[in-house]
Each structure stands twice: as C-alpha cells, then as structure tokens.
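Text of run-v5.cif, listed as mmCIF, C-alpha atoms and all ligand atoms:
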data_upload
#
loop_
_atom_site.label_atom_id
_atom_site.label_comp_id
_atom_site.auth_asym_id
_atom_site.auth_seq_id
_atom_site.Cartn_x
_atom_site.Cartn_y
_atom_site.Cartn_z
CA MET X 135 -96.55 -58.87 41.36
CA THR X 136 -93.55 -60.64 42.85
CA TYR X 137 -91.58 -59.17 45.73
CA ARG X 138 -88.64 -58.65 43.35
CA MET X 139 -90.79 -56.68 40.84
CA GLN X 140 -92.11 -54.52 43.68
CA LEU X 141 -88.57 -53.78 44.83
CA THR X 142 -87.54 -52.77 41.26
CA ARG X 143 -90.54 -50.40 41.00
CA VAL X 144 -89.67 -48.71 44.30
CA ALA X 145 -86.02 -48.32 43.21
CA CYS X 146 -87.08 -46.79 39.89
CA ALA X 147 -89.48 -44.36 41.56
CA LEU X 148 -86.79 -43.36 44.04
CA ALA X 149 -84.24 -42.76 41.26
CA GLY X 150 -86.79 -40.66 39.36
CA ALA X 151 -87.58 -38.55 42.40
CA LEU X 152 -83.90 -38.00 43.08
CA ALA X 153 -83.24 -36.93 39.47
CA LEU X 154 -86.15 -34.47 39.60
CA ALA X 155 -84.90 -33.01 42.85
CA ALA X 156 -81.44 -32.55 41.34
CA GLY X 157 -82.82 -30.62 38.35
CA PRO X 158 -82.41 -31.25 34.62
CA ALA X 159 -79.71 -33.66 33.43
CA PHE X 160 -77.63 -30.89 31.80
CA ALA X 161 -77.29 -29.15 35.15
CA GLN X 162 -75.18 -32.03 36.45
CA ALA X 163 -72.92 -32.49 33.42
CA LYS X 164 -69.97 -30.22 32.81
CA VAL X 165 -69.75 -27.93 29.78
CA LYS X 166 -67.09 -29.45 27.55
CA VAL X 167 -64.76 -26.85 26.06
CA GLY X 168 -62.24 -28.02 23.45
CA PHE X 169 -59.12 -25.92 22.84
CA MET X 170 -57.50 -26.50 19.47
CA LEU X 171 -54.51 -24.18 19.43
CA PRO X 172 -50.77 -24.20 18.68
CA TYR X 173 -48.76 -25.12 21.78
CA THR X 174 -45.58 -25.89 19.83
CA GLY X 175 -43.86 -24.15 16.89
CA THR X 176 -43.62 -20.52 15.82
CA TYR X 177 -47.15 -19.68 17.09
CA ALA X 178 -46.87 -21.49 20.47
CA ALA X 179 -46.79 -18.28 22.53
CA LEU X 180 -49.97 -17.12 20.77
CA GLY X 181 -51.82 -20.33 21.65
CA ASN X 182 -50.77 -20.09 25.29
CA ALA X 183 -51.81 -16.43 25.56
CA ILE X 184 -55.25 -17.24 24.10
CA THR X 185 -55.71 -20.11 26.56
CA ASN X 186 -54.70 -17.89 29.49
CA GLY X 187 -57.00 -15.08 28.40
CA PHE X 188 -59.97 -17.44 27.97
CA LYS X 189 -59.44 -18.99 31.40
CA LEU X 190 -59.15 -15.55 33.00
CA ALA X 191 -62.59 -14.58 31.63
CA ILE X 192 -64.01 -17.84 32.98
CA ALA X 193 -62.41 -17.28 36.39
CA GLU X 194 -64.07 -13.85 36.48
CA ASN X 195 -67.33 -15.66 35.71
CA GLY X 196 -67.03 -17.74 38.89
CA GLY X 197 -65.22 -20.56 37.06
CA LYS X 198 -68.49 -21.61 35.39
CA LEU X 199 -70.47 -21.27 32.17
CA GLY X 200 -74.21 -20.75 32.54
CA GLY X 201 -73.89 -21.97 36.13
CA ARG X 202 -72.21 -25.23 35.12
CA ASP X 203 -68.72 -26.50 35.82
CA ILE X 204 -66.34 -26.83 32.88
CA GLU X 205 -64.21 -29.67 31.54
CA TYR X 206 -61.37 -28.69 29.20
CA PHE X 207 -60.03 -30.80 26.34
CA THR X 208 -56.84 -29.71 24.59
CA VAL X 209 -55.28 -30.49 21.21
CA ASP X 210 -51.96 -29.00 19.99
CA ASP X 211 -52.65 -28.20 16.32
CA GLU X 212 -48.96 -27.36 15.65
CA SER X 213 -50.17 -24.74 13.10
CA ASP X 214 -50.24 -27.62 10.64
CA PRO X 215 -53.18 -27.52 8.19
CA ALA X 216 -52.46 -31.10 7.03
CA LYS X 217 -53.21 -32.45 10.52
CA ALA X 218 -56.18 -30.15 11.15
CA PRO X 219 -59.10 -32.36 10.00
CA GLU X 220 -57.94 -35.23 12.23
CA ASN X 221 -57.19 -32.91 15.14
CA VAL X 222 -60.55 -31.17 15.12
CA ASN X 223 -62.34 -34.51 14.87
CA LYS X 224 -60.64 -35.61 18.09
CA LEU X 225 -62.53 -32.84 19.85
CA ILE X 226 -65.81 -33.13 17.95
CA LYS X 227 -66.19 -36.91 17.56
CA ARG X 228 -64.00 -38.46 20.25
CA ASP X 229 -64.42 -35.96 23.11
CA GLN X 230 -67.85 -34.72 21.99
CA VAL X 231 -67.18 -31.18 23.19
CA ASP X 232 -69.96 -28.59 23.38
CA VAL X 233 -67.77 -25.89 21.87
CA VAL X 234 -64.44 -25.70 20.06
CA VAL X 235 -62.18 -22.70 20.71
CA GLY X 236 -59.41 -22.17 18.14
CA THR X 237 -57.22 -21.39 16.40
CA VAL X 238 -54.31 -19.10 15.40
CA HIS X 239 -53.31 -20.23 11.88
CA SER X 240 -55.73 -19.46 9.03
CA GLY X 241 -55.04 -22.71 7.15
CA VAL X 242 -55.86 -24.77 10.24
CA ALA X 243 -58.92 -22.62 10.94
CA MET X 244 -60.32 -23.38 7.48
CA ALA X 245 -60.46 -27.10 8.31
CA MET X 246 -62.04 -26.29 11.67
CA ALA X 247 -64.70 -24.09 10.09
CA LYS X 248 -65.53 -26.84 7.59
CA ALA X 249 -65.86 -29.41 10.40
CA ALA X 250 -67.97 -26.97 12.45
CA ARG X 251 -70.32 -26.50 9.49
CA ASP X 252 -70.50 -30.24 8.70
CA ASN X 253 -71.21 -31.23 12.33
CA ASN X 254 -73.08 -28.10 13.45
CA THR X 255 -70.48 -27.65 16.20
CA LEU X 256 -70.22 -24.33 18.01
CA LEU X 257 -66.88 -22.74 17.05
CA ILE X 258 -65.26 -19.59 18.46
CA ILE X 259 -62.17 -18.38 16.61
CA PRO X 260 -59.94 -16.32 18.92
CA ASN X 261 -57.38 -15.31 16.28
CA ALA X 262 -57.17 -16.82 12.77
CA GLY X 263 -58.22 -14.12 10.34
CA GLU X 264 -59.01 -16.12 7.18
CA ASP X 265 -61.39 -13.70 5.44
CA SER X 266 -63.72 -16.34 3.98
CA ILE X 267 -64.61 -17.85 7.37
CA THR X 268 -66.76 -14.80 8.03
CA GLY X 269 -67.35 -14.39 4.29
CA ALA X 270 -68.59 -17.15 2.01
CA MET X 271 -68.20 -19.78 4.76
CA CYS X 272 -70.09 -17.83 7.41
CA ALA X 273 -72.53 -19.78 9.58
CA PRO X 274 -74.67 -19.03 12.66
CA ASN X 275 -72.57 -21.44 14.77
CA ILE X 276 -69.19 -19.86 13.82
CA PHE X 277 -67.97 -16.81 15.75
CA ARG X 278 -64.77 -14.79 15.73
CA THR X 279 -63.41 -12.44 18.43
CA SER X 280 -60.42 -11.24 16.43
CA PHE X 281 -60.33 -9.75 12.88
CA THR X 282 -60.27 -10.60 9.19
CA ASN X 283 -56.73 -10.78 7.80
CA SER X 284 -57.31 -8.02 5.27
CA ALA X 285 -58.54 -5.48 7.87
CA PRO X 286 -55.34 -4.42 9.69
CA GLY X 287 -53.58 -4.47 6.31
CA TYR X 288 -56.24 -2.18 4.85
CA ALA X 289 -55.78 0.20 7.81
CA MET X 290 -52.01 0.32 7.25
CA GLY X 291 -52.47 0.84 3.49
CA LYS X 292 -54.47 3.97 4.29
CA VAL X 293 -51.81 5.20 6.76
CA ALA X 294 -49.01 4.61 4.22
CA ALA X 295 -50.87 6.48 1.47
CA ASP X 296 -51.65 9.36 3.87
CA LYS X 297 -47.93 9.58 4.69
CA GLY X 298 -47.27 10.13 1.01
CA TYR X 299 -45.34 6.91 0.38
CA LYS X 300 -45.45 6.02 -3.33
CA ARG X 301 -43.42 2.81 -3.81
CA VAL X 302 -43.76 -0.06 -1.34
CA VAL X 303 -42.36 -3.61 -1.28
CA THR X 304 -44.27 -6.34 0.59
CA LEU X 305 -42.87 -9.47 2.25
CA THR X 306 -44.87 -12.27 3.89
CA TRP X 307 -45.20 -15.97 4.52
CA LYS X 308 -47.00 -17.50 1.56
CA TYR X 309 -50.30 -18.60 3.06
CA ALA X 310 -53.77 -17.11 3.50
CA ALA X 311 -53.01 -14.79 6.42
CA GLY X 312 -50.06 -13.13 4.70
CA GLU X 313 -51.68 -13.00 1.28
CA GLN X 314 -54.93 -11.50 2.60
CA SER X 315 -53.01 -9.05 4.80
CA VAL X 316 -50.98 -7.85 1.79
CA GLY X 317 -54.20 -7.79 -0.27
CA GLY X 318 -55.86 -5.44 2.24
CA PHE X 319 -52.76 -3.23 2.36
CA LYS X 320 -52.50 -3.05 -1.42
CA GLU X 321 -56.18 -2.22 -1.89
CA ALA X 322 -56.09 0.82 0.40
CA PHE X 323 -52.56 1.92 -0.54
CA GLU X 324 -53.17 1.88 -4.28
CA LYS X 325 -56.57 3.53 -3.83
CA GLY X 326 -54.65 6.31 -2.05
CA GLY X 327 -52.24 6.78 -4.97
CA GLY X 328 -49.37 4.42 -4.02
CA LYS X 329 -47.97 1.41 -5.89
CA VAL X 330 -46.82 -1.96 -4.56
CA ILE X 331 -43.73 -2.42 -6.72
CA LYS X 332 -42.80 -5.95 -5.61
CA GLU X 333 -44.55 -8.72 -3.63
CA MET X 334 -42.11 -11.15 -1.98
CA THR X 335 -43.02 -14.38 -0.20
CA LEU X 336 -41.42 -17.33 1.55
CA PRO X 337 -43.02 -20.54 2.80
CA PHE X 338 -44.49 -20.69 6.34
CA PRO X 339 -42.74 -20.89 8.83
CA ASN X 340 -39.35 -20.23 7.15
CA VAL X 341 -37.23 -17.39 8.54
CA GLU X 342 -34.36 -17.15 6.06
CA PHE X 343 -34.89 -13.45 5.38
CA GLN X 344 -31.41 -12.41 4.20
CA PRO X 345 -31.92 -12.65 0.40
CA PHE X 346 -35.11 -10.57 0.67
CA LEU X 347 -33.41 -7.90 2.77
CA THR X 348 -30.59 -7.65 0.23
CA GLU X 349 -33.12 -7.15 -2.55
CA ILE X 350 -35.06 -4.54 -0.52
CA ALA X 351 -31.84 -2.57 0.04
CA ALA X 352 -31.26 -2.56 -3.72
CA LEU X 353 -34.85 -1.57 -4.62
CA LYS X 354 -34.87 1.35 -2.13
CA PRO X 355 -38.69 1.56 -1.73
CA ASP X 356 -40.33 4.31 0.35
CA ALA X 357 -41.43 1.64 2.88
CA VAL X 358 -41.77 -2.15 3.36
CA TYR X 359 -45.02 -3.80 4.49
CA VAL X 360 -44.70 -7.26 6.10
CA PHE X 361 -46.94 -9.88 7.71
CA PHE X 362 -45.21 -12.05 10.32
CA ALA X 363 -46.22 -13.10 13.82
CA GLY X 364 -44.83 -14.99 16.81
CA GLY X 365 -41.28 -16.34 16.46
CA GLY X 366 -41.10 -15.28 12.79
CA ALA X 367 -41.91 -11.66 13.69
CA VAL X 368 -39.14 -11.61 16.30
CA LYS X 369 -36.58 -12.80 13.75
CA LEU X 370 -37.72 -10.50 10.92
CA VAL X 371 -37.58 -7.34 13.06
CA LYS X 372 -34.12 -8.23 14.40
CA ASP X 373 -32.78 -9.12 10.95
CA TYR X 374 -34.24 -5.93 9.41
CA ASP X 375 -32.51 -3.85 12.06
CA ALA X 376 -29.23 -5.78 11.80
CA ALA X 377 -29.24 -5.21 8.02
CA GLY X 378 -29.25 -1.46 8.76
CA LEU X 379 -32.67 -0.91 7.14
CA ARG X 380 -34.79 0.23 10.10
CA LYS X 381 -33.60 3.82 10.05
CA THR X 382 -33.59 4.24 6.25
CA ILE X 383 -36.64 2.32 4.93
CA PRO X 384 -39.68 2.36 7.29
CA LEU X 385 -40.92 -1.11 8.21
CA LEU X 386 -44.74 -1.30 8.43
CA GLY X 387 -47.06 -4.15 9.33
CA PRO X 388 -50.24 -5.29 11.05
CA GLY X 389 -49.74 -5.26 14.84
CA PHE X 390 -48.79 -8.96 14.95
CA LEU X 391 -45.30 -7.81 13.96
CA THR X 392 -44.71 -6.33 17.42
CA ASP X 393 -47.40 -7.84 19.69
CA GLY X 394 -46.21 -10.30 22.33
CA THR X 395 -42.73 -10.00 20.83
CA LEU X 396 -41.22 -6.78 22.21
CA GLU X 397 -39.21 -8.40 25.02
CA ALA X 398 -37.45 -10.59 22.46
CA GLN X 399 -37.08 -7.87 19.80
CA GLY X 400 -35.58 -5.28 22.16
CA ALA X 401 -34.31 -2.05 20.61
CA ALA X 402 -34.66 -3.49 17.08
CA ALA X 403 -38.41 -2.71 17.30
CA ASP X 404 -38.05 0.88 18.55
CA GLY X 405 -40.35 3.30 16.76
CA LEU X 406 -42.03 0.75 14.44
CA LEU X 407 -45.52 1.66 13.23
CA THR X 408 -48.26 -0.99 13.08
CA THR X 409 -52.06 -1.10 12.88
CA LEU X 410 -54.30 -3.29 15.04
CA HIS X 411 -57.58 -3.45 16.96
CA TYR X 412 -55.69 -3.32 20.27
CA ALA X 413 -52.87 -1.38 21.91
CA ASP X 414 -51.21 -1.90 25.27
CA GLN X 415 -52.21 1.25 27.09
CA LEU X 416 -55.74 1.89 25.84
CA ASP X 417 -57.03 3.95 28.71
CA ASN X 418 -60.43 2.47 29.42
CA PRO X 419 -61.55 0.87 32.72
CA LYS X 420 -61.96 -2.59 31.17
CA ASN X 421 -58.46 -2.62 29.69
CA ASN X 422 -56.91 -1.38 32.92
CA ALA X 423 -58.70 -4.08 34.93
CA PHE X 424 -57.91 -6.80 32.34
CA ARG X 425 -54.21 -5.93 32.23
CA ALA X 426 -53.90 -5.87 36.01
CA ALA X 427 -55.78 -9.18 36.44
CA TYR X 428 -53.80 -10.92 33.66
CA LYS X 429 -50.47 -9.73 35.07
CA LYS X 430 -51.50 -10.92 38.53
CA ALA X 431 -52.63 -14.33 37.29
CA TYR X 432 -49.76 -15.13 34.90
CA ASN X 433 -46.97 -12.72 35.86
CA VAL X 434 -46.59 -11.45 32.26
CA GLU X 435 -48.12 -8.57 30.34
CA PRO X 436 -51.09 -9.53 28.14
CA ASP X 437 -50.99 -9.06 24.38
CA VAL X 438 -53.58 -8.98 21.60
CA TYR X 439 -53.86 -12.80 21.62
CA ALA X 440 -54.58 -12.88 25.36
CA MET X 441 -57.22 -10.19 24.82
CA GLN X 442 -58.89 -12.15 21.99
CA GLY X 443 -58.93 -15.31 24.14
CA TYR X 444 -60.42 -13.31 27.00
CA ASP X 445 -63.20 -12.05 24.72
CA ALA X 446 -63.85 -15.59 23.45
CA GLY X 447 -64.48 -16.53 27.09
CA GLN X 448 -66.67 -13.46 27.62
CA LEU X 449 -68.68 -14.23 24.47
CA LEU X 450 -69.32 -17.83 25.50
CA ALA X 451 -70.22 -16.71 29.02
CA ALA X 452 -72.82 -14.31 27.58
CA GLY X 453 -74.37 -17.07 25.43
CA THR X 454 -74.45 -19.75 28.12
CA LYS X 455 -75.90 -17.31 30.65
CA ALA X 456 -78.81 -16.59 28.31
CA VAL X 457 -79.75 -20.30 28.16
CA GLY X 458 -79.00 -21.08 31.81
CA GLY X 459 -76.25 -23.46 30.75
CA ASP X 460 -78.52 -25.58 28.55
CA MET X 461 -76.30 -26.12 25.48
CA SER X 462 -79.13 -27.94 23.70
CA LYS X 463 -80.93 -24.60 23.32
CA ARG X 464 -78.65 -23.87 20.38
CA ASP X 465 -80.82 -21.29 18.60
CA ALA X 466 -81.19 -19.17 21.73
CA LEU X 467 -77.52 -19.63 22.56
CA VAL X 468 -76.20 -18.40 19.21
CA LYS X 469 -78.79 -15.62 19.11
CA ALA X 470 -77.52 -14.33 22.46
CA MET X 471 -73.90 -14.61 21.31
CA HIS X 472 -74.65 -12.86 18.03
CA GLY X 473 -76.40 -9.99 19.82
CA ALA X 474 -73.83 -9.68 22.63
CA LYS X 475 -72.28 -6.27 23.18
CA LEU X 476 -68.97 -7.11 24.77
CA ASP X 477 -67.16 -4.78 27.12
CA SER X 478 -63.74 -5.65 25.76
CA PRO X 479 -60.27 -4.36 26.69
CA ARG X 480 -60.08 -3.13 23.06
CA GLY X 481 -63.21 -1.02 23.73
CA PRO X 482 -66.85 -2.15 23.46
CA PHE X 483 -67.73 -3.99 20.24
CA SER X 484 -70.58 -5.87 18.64
CA LEU X 485 -70.60 -8.57 15.96
CA SER X 486 -71.40 -8.09 12.29
CA ARG X 487 -74.07 -10.15 10.49
CA ALA X 488 -71.22 -12.63 9.80
CA ASN X 489 -70.27 -12.85 13.53
CA ASN X 490 -67.06 -10.85 13.10
CA PRO X 491 -66.14 -7.89 15.37
CA ILE X 492 -66.99 -4.38 14.19
CA GLN X 493 -64.14 -2.39 15.68
CA ASP X 494 -61.62 0.44 15.52
CA TYR X 495 -58.13 -0.10 14.09
CA TYR X 496 -55.48 1.87 15.95
CA LEU X 497 -52.23 3.23 14.58
CA ARG X 498 -49.60 2.17 17.11
CA GLN X 499 -45.96 2.94 17.66
CA VAL X 500 -43.42 0.92 19.62
CA VAL X 501 -42.23 3.00 22.56
CA GLY X 502 -39.97 1.08 24.95
CA LYS X 503 -41.68 -2.26 25.61
CA GLN X 504 -45.14 -1.10 24.58
CA ASN X 505 -47.34 -0.80 21.52
CA LYS X 506 -48.72 2.66 22.16
CA ALA X 507 -51.86 3.90 20.34
CA ILE X 508 -51.00 7.16 18.59
CA GLY X 509 -54.21 7.51 16.60
CA VAL X 510 -57.18 5.70 15.07
CA ALA X 511 -56.45 4.53 11.52
CA ILE X 512 -60.04 3.39 10.82
CA LYS X 513 -63.04 3.88 13.06
CA GLY X 514 -65.78 1.24 13.41
CA TYR X 515 -64.48 -0.95 10.57
CA GLU X 516 -66.92 -3.67 9.45
CA ASP X 517 -65.51 -6.33 7.17
CA PRO X 518 -67.63 -6.53 3.99
CA ALA X 519 -68.20 -10.30 4.60
CA ARG X 520 -68.11 -10.97 0.84
CA GLY X 521 -70.26 -13.97 -0.09
CA CYS X 522 -71.81 -14.40 3.38
CA LYS X 523 -75.43 -15.52 3.07
CA MET X 524 -76.73 -15.03 6.61
C1 LIG X 601 -53.47 -16.27 10.80
O1 LIG X 601 -52.92 -17.29 10.34
O2 LIG X 601 -54.64 -15.98 10.51
C2 LIG X 601 -52.73 -15.39 11.74
C3 LIG X 601 -51.68 -15.89 12.46
C4 LIG X 601 -51.00 -15.06 13.35
C5 LIG X 601 -51.40 -13.75 13.51
C6 LIG X 601 -52.45 -13.26 12.77
C7 LIG X 601 -53.14 -14.07 11.88
#

Here is a file; write its structure as structure tokens.
Amino acid sequence: MTYRMQLTRVACALAGALALAAGPAFAQAKVKVGFMLPYTGTYAALGNAITNGFKLAIAENGGKLGGRDIEYFTVDDESDPAKAPENVNKLIKRDQVDVVVGTVHSGVAMAMAKAARDNNTLLIIPNAGEDSITGAMCAPNIFRTSFTNSAPGYAMGKVAADKGYKRVVTLTWKYAAGEQSVGGFKEAFEKGGGKVIKEMTLPFPNVEFQPFLTEIAALKPDAVYVFFAGGGAVKLVKDYDAAGLRKTIPLLGPGFLTDGTLEAQGAAADGLLTTLHYADQLDNPKNNAFRAAYKKAYNVEPDVYAMQGYDAGQLLAAGTKAVGGDMSKRDALVKAMHGAKLDSPRGPFSLSRANNPIQDYYLRQVVGKQNKAIGVAIKGYEDPARGCKM
C-alpha cells in the first residue's frame, strides 16, 4: 500500500468515527417546514395569523421539532387555485421539505392534497375546510387542525331552526368553502323544518354586495346565512349594517364572518350570532395561556386562524417527538400524530379516522370586540368523512 493510500484510509476512518460520535445523520440536518399560505389578498391576515400561531407552538417547544432545529420555507399562494400545483411543487420538489403546512383557501388546498397524495408528502392543513380532503381524498399523511366546511354551517342550521326561523336566504362566494358551508346549513335547517328560499352567490373574492342586499330587503326573509372571511367578511358586515338590515333581518354565519375582523367591522358587527369551534374567552387554562403568550409575542389578540396554526405546530411537535426527530420513520410519525390528544385552546380534541378534529361547535355572539361563547350548538361533532377509505 502506498503512503497516499494509507493516508486516505486514515482520513476515512477518522471521518467515520466523527460521524458516529455525532449521532445519526438526521440529527444534524434541520427539519424542513414549508409554509404555503396566503400572504397577499383577501385572506392575507389569515395566513399571517396561522404562521404566527405555528411559530408560537414551536417556540414553546424549545424552538425545535423532535430535538432538531428547523428551517422554514415560505410560498405565498395568493389564494389562487390556478397557481397552486406549481406553488406546492416548489416546496415539495425544489425545497424538498419534510412537511407542508397550508393552506386557507379550499380550492388551493385541493391541489395541495393531491400533490401530498402523489408524492407521499406530510401535509397539515391549518384552515381550508374542503370536505373531501378528509372524505374521499383522505390519506394517512394528510392531517387537518381546523374543520370541514359543512360543519359550522350545520351547527348554525340547527340554531336557526331552533330559533323558529322558517324562510332563510343564503349568500356566499361561489367556491367550495361557501357552497359546502351553505350545504351544511341547509341540511340541518331544512331537517329542522325551515326552508332556504334563495341561494345567492358571487365570484371569489368579489365584494360588490349592493345588488344582493337590495334583493334581500325585498324578499324579507326571517334571517340571512352568509359565508365570507377575511377582507370580504369585513366589507359584507359593514355593507349589511349600512343598508339598515342588521336590526331587521338577523345576519347569521360560520364564525369566519366575525373572527379576526372585529377591529375593522366596529359597531356594524355588534350582536351578530355565529357558530365555530373556537371563541375568544373560552375559560380553560390552555386558552388563557395561549392568548396571553400570543398577545405578548405579536402584540395583537389571537383569532381562530392563529389557534389552528398553533395546533398544527403542536400536532407536528407530538409526531416528531415520538420518532426522536427521525422523519424517515414515517409510519410511526403519522401513527403518533393520528393518536395525539391535543390540549388545544379550543378545548382538548382528538382526530377522527380521517385525521379531522372531533370537536364542539360553539354558538357565539359579538359583544364589544369579542366573539363570546353563549352556548354549545353541537357537542363532539365528528364529520362523517363520506368516502374515506382509511
Ligand atoms: C376555505 O376556503 O376553506 C376557507 C377560507 C376561509 C375561512 C374558512 C374556510
């Protein structure tokens, strides 16, 4: 053996010994987390709140996942379904992230769920409620910490029927979230003896509400059920009030209508009733601690989106802890996530067979700048996960 060969052997042995001493390769690499969320457009505030909530949960976990440092990758999905396949591939193929966290808009989330299934990528959905993602499209690697679109609508349909309303008009953006929300409302409301007399829609994210408000005033229904969120919800509530309808025809909706929007809506939102799996002043230790920590970190009050992002971080922390940060142990990782019982600000919850939260839906009322829980509309609701084969 030449002197040069001997030197190479010694160098190799030394490198091997050093690697062994440092532990397995995964322990040195960072966990790559890819955020695909809206940071511009009508849902921008929702994307930012989710990001903040997620990072708060990670900070409370020592800034690590399964003992490993984290590297974040971020894509602004603009709530644009047409750009979604390309955007999600930036995270999956280009950045090769370990997990994708996103998004808000159901149409964008559909493309993400398809990509997650095709590439076996771990996906955590911190908002978008597209029913089929935890229905026919369910998969062991796809998780949701929010809701199915039909669920809060179903809860409000029950409330409206119990109040004795008989004729209701609905108004929503014409895309999956609005259609499924109205579908849930209609199912429970008509089961309870009511009738949806007119279903109105406008394209997302249009906010020209005036012609619809004029027609509502003429139809004089017992109540109006709407699905809007973010900037669109702010405008609808203000326009409804300005048209003089708030005090004569009750405006109902899923909680997105008044969550994260009350500062901007002001007195126009006073007294509105909504249904959601969260309310501002839920008096449990976790919610109190979460709200205080979020306010301290970001100097704003958290909303439902921040809470869902926080729970996405908690869920991932539970999974990565179970595998000691080894993301290649996928089966054990998803098993731990699936079985996790999260202590959430909404109250403790577990995941259904389709990886969707089983949770209470509160009836809330806007009092001042808060969505106050005034009752439980549906206890322990589990989405039927129609078509899910897991
Ligand atoms: C959705 O597109 O699924 C959605 C967007 C905002 C709030 C709730 C649901």

Selection: 10 Å around X:Gly318, only C-alpha atoms, excl. self and same-chain fewer than 4 positions, as a PDB file with C-alpha atoms, in the coordinates of the input:
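Listing of around-v5.pdb after writing:
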ATOM      1  CA  THR X 282     -60.270 -10.600   9.190  1.00  0.00           C
ATOM      2  CA  ASN X 283     -56.730 -10.780   7.800  1.00  0.00           C
ATOM      3  CA  SER X 284     -57.310  -8.020   5.270  1.00  0.00           C
ATOM      4  CA  ALA X 285     -58.540  -5.480   7.870  1.00  0.00           C
ATOM      5  CA  PRO X 286     -55.340  -4.420   9.690  1.00  0.00           C
ATOM      6  CA  GLY X 287     -53.580  -4.470   6.310  1.00  0.00           C
ATOM      7  CA  TYR X 288     -56.240  -2.180   4.850  1.00  0.00           C
ATOM      8  CA  ALA X 289     -55.780   0.200   7.810  1.00  0.00           C
ATOM      9  CA  MET X 290     -52.010   0.320   7.250  1.00  0.00           C
ATOM     10  CA  GLY X 291     -52.470   0.840   3.490  1.00  0.00           C
ATOM     11  CA  LYS X 292     -54.470   3.970   4.290  1.00  0.00           C
ATOM     12  CA  GLY X 312     -50.060 -13.130   4.700  1.00  0.00           C
ATOM     13  CA  GLU X 313     -51.680 -13.000   1.280  1.00  0.00           C
ATOM     14  CA  GLN X 314     -54.930 -11.500   2.600  1.00  0.00           C
ATOM     15  CA  ALA X 322     -56.090   0.820   0.400  1.00  0.00           C
ATOM     16  CA  PHE X 323     -52.560   1.920  -0.540  1.00  0.00           C
TER      17      PHE X 323
END

Task: Top pick for closest residue to X:Ile492, considering X:Ala519, X:Ala470, X:Leu391, X:Met246 and counting only C-alpha atoms - done: X:Ala519

Open item on the list: What residues of the protein or nucleic acid chains come within 8 Å of ligand LIG 601 (chain X) when you use all atoms listed in the file? Reply as a PyMOL selection string.
Closed with: chain X and resi 177+180+238-241+243+261-264+282-283+309-312+362-364+390

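Taking atom CA of X:Gly168 and atom CA of X:Ala466 as the two end points, the separation is 21.0 Å.
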
Output as AutoDock Vina command-line options the centre and edge lengths (Å, one decimal) of the box along x, y and z of the file that holds every listed atom of stretch 472-486 of chain X after adding 8 Å on each side.
--center_x -68.2 --center_y -6.9 --center_z 19.7 --size_x 32.3 --size_y 27.8 --size_z 30.8

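Atom CA of X:Val165 is found 8.0 Å from atom CA of X:Met461.
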
- [ ] Return the single residue from X:Thr185, X:Thr208, X:Gln493, X:Asn221 that is closest to X:Gly481, with distances computed using only C-alpha atoms.
- [x] X:Gln493

Open item on the list: As an exercise, work out the distance from atom CA of X:Trp307 to atom CA of X:Val242 in Å and give it to one decimal place.
Closed with: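 According to the coordinates, atom CA of X:Trp307 and atom CA of X:Val242 are separated by 15.0 Å.
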
Can you list, as an mmCIF file with C-alpha atoms, in the coordinates of the input, every protein, DNA or RNA residue that comes within 12 Å of stretch 418-427 of chain X when you count all atoms listed in the file, leaving out same-chain residues fewer than 6 positions away?
data_model
loop_
_atom_site.group_PDB
_atom_site.id
_atom_site.type_symbol
_atom_site.label_atom_id
_atom_site.label_comp_id
_atom_site.auth_asym_id
_atom_site.auth_seq_id
_atom_site.Cartn_x
_atom_site.Cartn_y
_atom_site.Cartn_z
ATOM 1 C CA ASN X 186 -54.700 -17.890 29.490
ATOM 2 C CA GLY X 187 -57.000 -15.080 28.400
ATOM 3 C CA PHE X 188 -59.970 -17.440 27.970
ATOM 4 C CA LYS X 189 -59.440 -18.990 31.400
ATOM 5 C CA LEU X 190 -59.150 -15.550 33.000
ATOM 6 C CA ALA X 191 -62.590 -14.580 31.630
ATOM 7 C CA ALA X 193 -62.410 -17.280 36.390
ATOM 8 C CA GLU X 194 -64.070 -13.850 36.480
ATOM 9 C CA TYR X 412 -55.690 -3.320 20.270
ATOM 10 C CA ASN X 433 -46.970 -12.720 35.860
ATOM 11 C CA VAL X 434 -46.590 -11.450 32.260
ATOM 12 C CA GLU X 435 -48.120 -8.570 30.340
ATOM 13 C CA PRO X 436 -51.090 -9.530 28.140
ATOM 14 C CA ASP X 437 -50.990 -9.060 24.380
ATOM 15 C CA VAL X 438 -53.580 -8.980 21.600
ATOM 16 C CA ALA X 440 -54.580 -12.880 25.360
ATOM 17 C CA MET X 441 -57.220 -10.190 24.820
ATOM 18 C CA GLN X 442 -58.890 -12.150 21.990
ATOM 19 C CA GLY X 443 -58.930 -15.310 24.140
ATOM 20 C CA TYR X 444 -60.420 -13.310 27.000
ATOM 21 C CA ASP X 445 -63.200 -12.050 24.720
ATOM 22 C CA GLN X 448 -66.670 -13.460 27.620
ATOM 23 C CA LEU X 476 -68.970 -7.110 24.770
ATOM 24 C CA ASP X 477 -67.160 -4.780 27.120
ATOM 25 C CA SER X 478 -63.740 -5.650 25.760
ATOM 26 C CA PRO X 479 -60.270 -4.360 26.690
ATOM 27 C CA ARG X 480 -60.080 -3.130 23.060
ATOM 28 C CA GLY X 481 -63.210 -1.020 23.730
ATOM 29 C CA PRO X 482 -66.850 -2.150 23.460
#

Since fewer atoms than expected are present, regenerate N, CA, C and O atoms for stretch 255-262 of chain X and write them as a compact mmCIF listing (two decimals), in the frame of the given file.
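Below is the file out.txt, written as the result:
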# COMPACT_ATOMS: atom_id res chain seq x y z
N THR X 255 -71.17 -27.86 14.92
CA THR X 255 -70.48 -27.65 16.20
C THR X 255 -70.30 -26.16 16.43
O THR X 255 -69.98 -25.42 15.49
N LEU X 256 -70.47 -25.72 17.67
CA LEU X 256 -70.22 -24.33 18.01
C LEU X 256 -68.72 -24.07 17.98
O LEU X 256 -67.95 -24.80 18.62
N LEU X 257 -68.31 -23.05 17.20
CA LEU X 257 -66.88 -22.74 17.05
C LEU X 257 -66.65 -21.26 17.36
O LEU X 257 -67.35 -20.40 16.82
N ILE X 258 -65.67 -20.98 18.22
CA ILE X 258 -65.26 -19.59 18.46
C ILE X 258 -63.79 -19.46 18.06
O ILE X 258 -62.93 -20.15 18.62
N ILE X 259 -63.53 -18.58 17.11
CA ILE X 259 -62.17 -18.38 16.61
C ILE X 259 -61.56 -17.18 17.33
O ILE X 259 -62.01 -16.05 17.14
N PRO X 260 -60.52 -17.41 18.14
CA PRO X 260 -59.94 -16.32 18.92
C PRO X 260 -58.73 -15.65 18.25
O PRO X 260 -58.08 -14.83 18.89
N ASN X 261 -58.44 -16.02 17.00
CA ASN X 261 -57.38 -15.31 16.28
C ASN X 261 -57.52 -15.43 14.76
O ASN X 261 -57.73 -14.44 14.08
N ALA X 262 -57.35 -16.64 14.22
CA ALA X 262 -57.17 -16.82 12.77
C ALA X 262 -58.08 -15.91 11.96
O ALA X 262 -59.30 -15.92 12.13
